[in-house]
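Enquirer: Structure provided below as structure tokens; questions to follow.
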Amino acid sequence: MALIDELKDRGGNQCELCASKGELKMYEVPPISTGGVDGTLLACDTCVSQIENPETTEPNHWRCLNDSMWSEYRAVKVVAWRMLNRLKKEGWPQDLLDMMYLEDEELRRK
Ligand SMILES: [Zn+2]
């Protein structure tokens, strides 16, 4: 099965971050991506463009992390963790970070 189909299967054909069913694409999470399903997530255009362009980040869009930070998938958790860190001056992301536990130190690398 193609990677994109595996991801669609895993994520229920919606953005793994905000659950949007819009235009979905693969986002390879640096540096953990090995080109496989574990290092990649399926995300909508809005999420991917904000991940890649920090100056366009809209804090309220990322309230979705309240749910997606509990994903069982490593790629999703890593991106959630990074975005919460980017936004923590908003206040609420810090509360979520406090609840989040990443056991793998590697994930904390930028
Ligand atoms: Zn999204």
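In the structure tokens, chains take letters A, B, ... by order of appearance, with residues numbered from 1 within each chain and ligands from 1 in the order shown.
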Based on DSSP run over this structure's backbone, return all residues of chain A in alpha helix (DSSP H), as a PyMOL selection string.

Expert: chain A and resi 3-11+45-52+65-68+74-86+92-99

Enquirer: Let's have the selection written as a short mmCIF file (atom, residue, chain, number, x, y, z; two decimals), in the first residue's frame, with N, CA and C atoms.

Expert:
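Contents of part.cif, as written:
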data_model
loop_
_atom_site.label_atom_id
_atom_site.label_comp_id
_atom_site.auth_asym_id
_atom_site.auth_seq_id
_atom_site.Cartn_x
_atom_site.Cartn_y
_atom_site.Cartn_z
N LEU A 3 2.29 4.90 0.87
CA LEU A 3 2.38 5.58 2.16
C LEU A 3 1.17 6.48 2.40
N ILE A 4 0.78 7.22 1.40
CA ILE A 4 -0.35 8.15 1.57
C ILE A 4 -1.62 7.38 1.92
N ASP A 5 -1.79 6.20 1.36
CA ASP A 5 -2.99 5.41 1.67
C ASP A 5 -2.92 4.82 3.08
N GLU A 6 -1.71 4.43 3.47
CA GLU A 6 -1.53 3.94 4.84
C GLU A 6 -1.89 5.04 5.85
N LEU A 7 -1.46 6.27 5.53
CA LEU A 7 -1.73 7.38 6.44
C LEU A 7 -3.22 7.72 6.47
N LYS A 8 -3.84 7.66 5.32
CA LYS A 8 -5.28 7.94 5.26
C LYS A 8 -6.06 6.92 6.07
N ASP A 9 -5.61 5.69 5.98
CA ASP A 9 -6.20 4.61 6.75
C ASP A 9 -6.06 4.87 8.24
N ARG A 10 -4.83 5.21 8.62
CA ARG A 10 -4.51 5.43 10.03
C ARG A 10 -5.30 6.61 10.59
N GLY A 11 -5.35 7.68 9.82
CA GLY A 11 -5.95 8.91 10.33
C GLY A 11 -7.44 9.04 10.05
N ASP A 45 -3.75 21.42 4.49
CA ASP A 45 -2.96 22.54 4.00
C ASP A 45 -2.72 23.59 5.07
N THR A 46 -3.76 23.90 5.82
CA THR A 46 -3.67 24.94 6.84
C THR A 46 -2.61 24.57 7.88
N CYS A 47 -2.67 23.34 8.36
CA CYS A 47 -1.70 22.91 9.37
C CYS A 47 -0.29 22.91 8.80
N VAL A 48 -0.11 22.29 7.64
CA VAL A 48 1.24 22.18 7.09
C VAL A 48 1.83 23.56 6.83
N SER A 49 1.04 24.46 6.28
CA SER A 49 1.65 25.75 5.94
C SER A 49 2.00 26.53 7.21
N GLN A 50 1.23 26.35 8.27
CA GLN A 50 1.59 27.04 9.52
C GLN A 50 2.79 26.39 10.21
N ILE A 51 2.91 25.07 10.07
CA ILE A 51 4.09 24.39 10.64
C ILE A 51 5.34 24.91 9.94
N GLU A 52 5.24 25.05 8.63
CA GLU A 52 6.42 25.41 7.85
C GLU A 52 6.70 26.91 7.84
N LEU A 65 -4.95 20.85 19.14
CA LEU A 65 -3.94 19.99 19.76
C LEU A 65 -4.40 19.44 21.10
N ASN A 66 -5.36 20.10 21.68
CA ASN A 66 -6.00 19.62 22.89
C ASN A 66 -6.41 18.14 22.75
N ASP A 67 -6.87 17.79 21.55
CA ASP A 67 -7.22 16.39 21.27
C ASP A 67 -6.06 15.62 20.64
N SER A 68 -5.42 16.23 19.64
CA SER A 68 -4.48 15.43 18.86
C SER A 68 -3.18 15.16 19.60
N ARG A 74 3.69 8.64 16.94
CA ARG A 74 4.84 9.43 17.30
C ARG A 74 4.92 10.73 16.49
N ALA A 75 4.71 10.64 15.20
CA ALA A 75 4.83 11.82 14.35
C ALA A 75 3.84 12.90 14.79
N VAL A 76 2.64 12.49 15.13
CA VAL A 76 1.61 13.44 15.55
C VAL A 76 1.98 14.07 16.89
N LYS A 77 2.45 13.24 17.80
CA LYS A 77 2.84 13.75 19.12
C LYS A 77 3.99 14.74 19.02
N VAL A 78 4.96 14.43 18.18
CA VAL A 78 6.12 15.31 18.05
C VAL A 78 5.70 16.68 17.52
N VAL A 79 4.87 16.68 16.49
CA VAL A 79 4.44 17.95 15.93
C VAL A 79 3.58 18.71 16.94
N ALA A 80 2.73 18.01 17.64
CA ALA A 80 1.90 18.68 18.67
C ALA A 80 2.80 19.33 19.71
N TRP A 81 3.80 18.59 20.15
CA TRP A 81 4.72 19.10 21.16
C TRP A 81 5.45 20.35 20.67
N ARG A 82 5.91 20.28 19.43
CA ARG A 82 6.65 21.44 18.87
C ARG A 82 5.76 22.66 18.71
N MET A 83 4.53 22.44 18.23
CA MET A 83 3.64 23.59 18.03
C MET A 83 3.24 24.20 19.37
N LEU A 84 3.02 23.37 20.37
CA LEU A 84 2.67 23.90 21.70
C LEU A 84 3.83 24.73 22.24
N ASN A 85 5.04 24.27 21.98
CA ASN A 85 6.20 25.05 22.43
C ASN A 85 6.28 26.38 21.71
N ARG A 86 5.99 26.35 20.42
CA ARG A 86 6.04 27.59 19.65
C ARG A 86 5.03 28.60 20.20
N TRP A 92 -2.40 28.96 27.33
CA TRP A 92 -3.04 27.64 27.30
C TRP A 92 -2.14 26.54 26.77
N PRO A 93 -1.23 26.83 25.80
CA PRO A 93 -0.38 25.71 25.35
C PRO A 93 0.53 25.19 26.47
N GLN A 94 0.92 26.08 27.35
CA GLN A 94 1.78 25.65 28.45
C GLN A 94 1.04 24.65 29.35
N ASP A 95 -0.25 24.87 29.55
CA ASP A 95 -1.04 23.93 30.35
C ASP A 95 -1.05 22.55 29.70
N LEU A 96 -1.17 22.55 28.36
CA LEU A 96 -1.19 21.26 27.66
C LEU A 96 0.19 20.59 27.72
N LEU A 97 1.23 21.41 27.56
CA LEU A 97 2.60 20.86 27.63
C LEU A 97 2.84 20.20 28.99
N ASP A 98 2.28 20.83 30.02
CA ASP A 98 2.49 20.27 31.36
C ASP A 98 1.86 18.88 31.50
N MET A 99 0.84 18.62 30.69
CA MET A 99 0.17 17.32 30.78
C MET A 99 0.81 16.28 29.87
#

Enquirer: Per residue of chain A within 7 Å of ligand 1, what are the shortest atom pair and its distance in Å to one decimal, counting only C-alpha atoms and all ligand atoms, with rows by chain and residue number, as JSON lines?

Expert:
{"residue": "A:Cys15", "atom": "CA", "partner": "ligand 1", "partner_atom_place_in_ligand_line": "1 (Zn)", "distance": 4.7}
{"residue": "A:Glu16", "atom": "CA", "partner": "ligand 1", "partner_atom_place_in_ligand_line": "1 (Zn)", "distance": 6.7}
{"residue": "A:Leu17", "atom": "CA", "partner": "ligand 1", "partner_atom_place_in_ligand_line": "1 (Zn)", "distance": 5.1}
{"residue": "A:Cys18", "atom": "CA", "partner": "ligand 1", "partner_atom_place_in_ligand_line": "1 (Zn)", "distance": 4.1}
{"residue": "A:Ala19", "atom": "CA", "partner": "ligand 1", "partner_atom_place_in_ligand_line": "1 (Zn)", "distance": 6.0}
{"residue": "A:Ser20", "atom": "CA", "partner": "ligand 1", "partner_atom_place_in_ligand_line": "1 (Zn)", "distance": 5.3}
{"residue": "A:Ala43", "atom": "CA", "partner": "ligand 1", "partner_atom_place_in_ligand_line": "1 (Zn)", "distance": 5.0}
{"residue": "A:Cys44", "atom": "CA", "partner": "ligand 1", "partner_atom_place_in_ligand_line": "1 (Zn)", "distance": 4.2}
{"residue": "A:Asp45", "atom": "CA", "partner": "ligand 1", "partner_atom_place_in_ligand_line": "1 (Zn)", "distance": 6.7}
{"residue": "A:Thr46", "atom": "CA", "partner": "ligand 1", "partner_atom_place_in_ligand_line": "1 (Zn)", "distance": 5.7}
{"residue": "A:Cys47", "atom": "CA", "partner": "ligand 1", "partner_atom_place_in_ligand_line": "1 (Zn)", "distance": 4.3}

Enquirer: Next, dump the selected residues to file, keeping only C-alpha atoms, as a compact mmCIF listing (two decimals), in the first residue's frame.

Expert:
# COMPACT_ATOMS: atom_id res chain seq x y z
CA CYS A 15 -6.04 15.80 9.20
CA GLU A 16 -4.29 14.06 12.08
CA LEU A 17 -3.84 17.40 13.83
CA CYS A 18 -7.09 19.33 13.40
CA ALA A 19 -9.44 16.67 11.97
CA SER A 20 -10.15 18.78 8.88
CA ALA A 43 -2.26 16.98 7.62
CA CYS A 44 -4.37 19.61 5.92
CA ASP A 45 -2.96 22.54 4.00
CA THR A 46 -3.67 24.94 6.84
CA CYS A 47 -1.70 22.91 9.37

Enquirer: Could you go through chain A and tell me which residues DSSP, when run on the backbone, assigns to strand (DSSP E or B), listing them as a list in words?

Expert: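 Written out, the strand (DSSP E or B) residues of chain A are Leu24, Lys25, Met26, Tyr27, Glu28, Thr40, Leu41, Leu42, Ala43 and Cys44 of chain A.
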
Enquirer: In Å, rounded to a single decimal, give me how far atom CA of A:Met69 is from atom CA of A:Met100.

Expert: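 Distance reported for this atom pair: 7.6 Å.
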
Enquirer: Using only C-alpha atoms, can you tell me which of A:Met1, A:Gly22, A:Tyr27, A:Glu90 comes closest to A:Asn60?

Expert: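 Between A:Met1, A:Gly22, A:Tyr27, A:Glu90, the residue approaching A:Asn60 most closely is A:Glu90.
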
Enquirer: If I take atom CA of A:Glu28 and atom CA of A:Leu42, how far is one from the other in Å, to one decimal?

Expert: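 If I compute the distance from atom CA of A:Glu28 to atom CA of A:Leu42, I get 8.8 Å.
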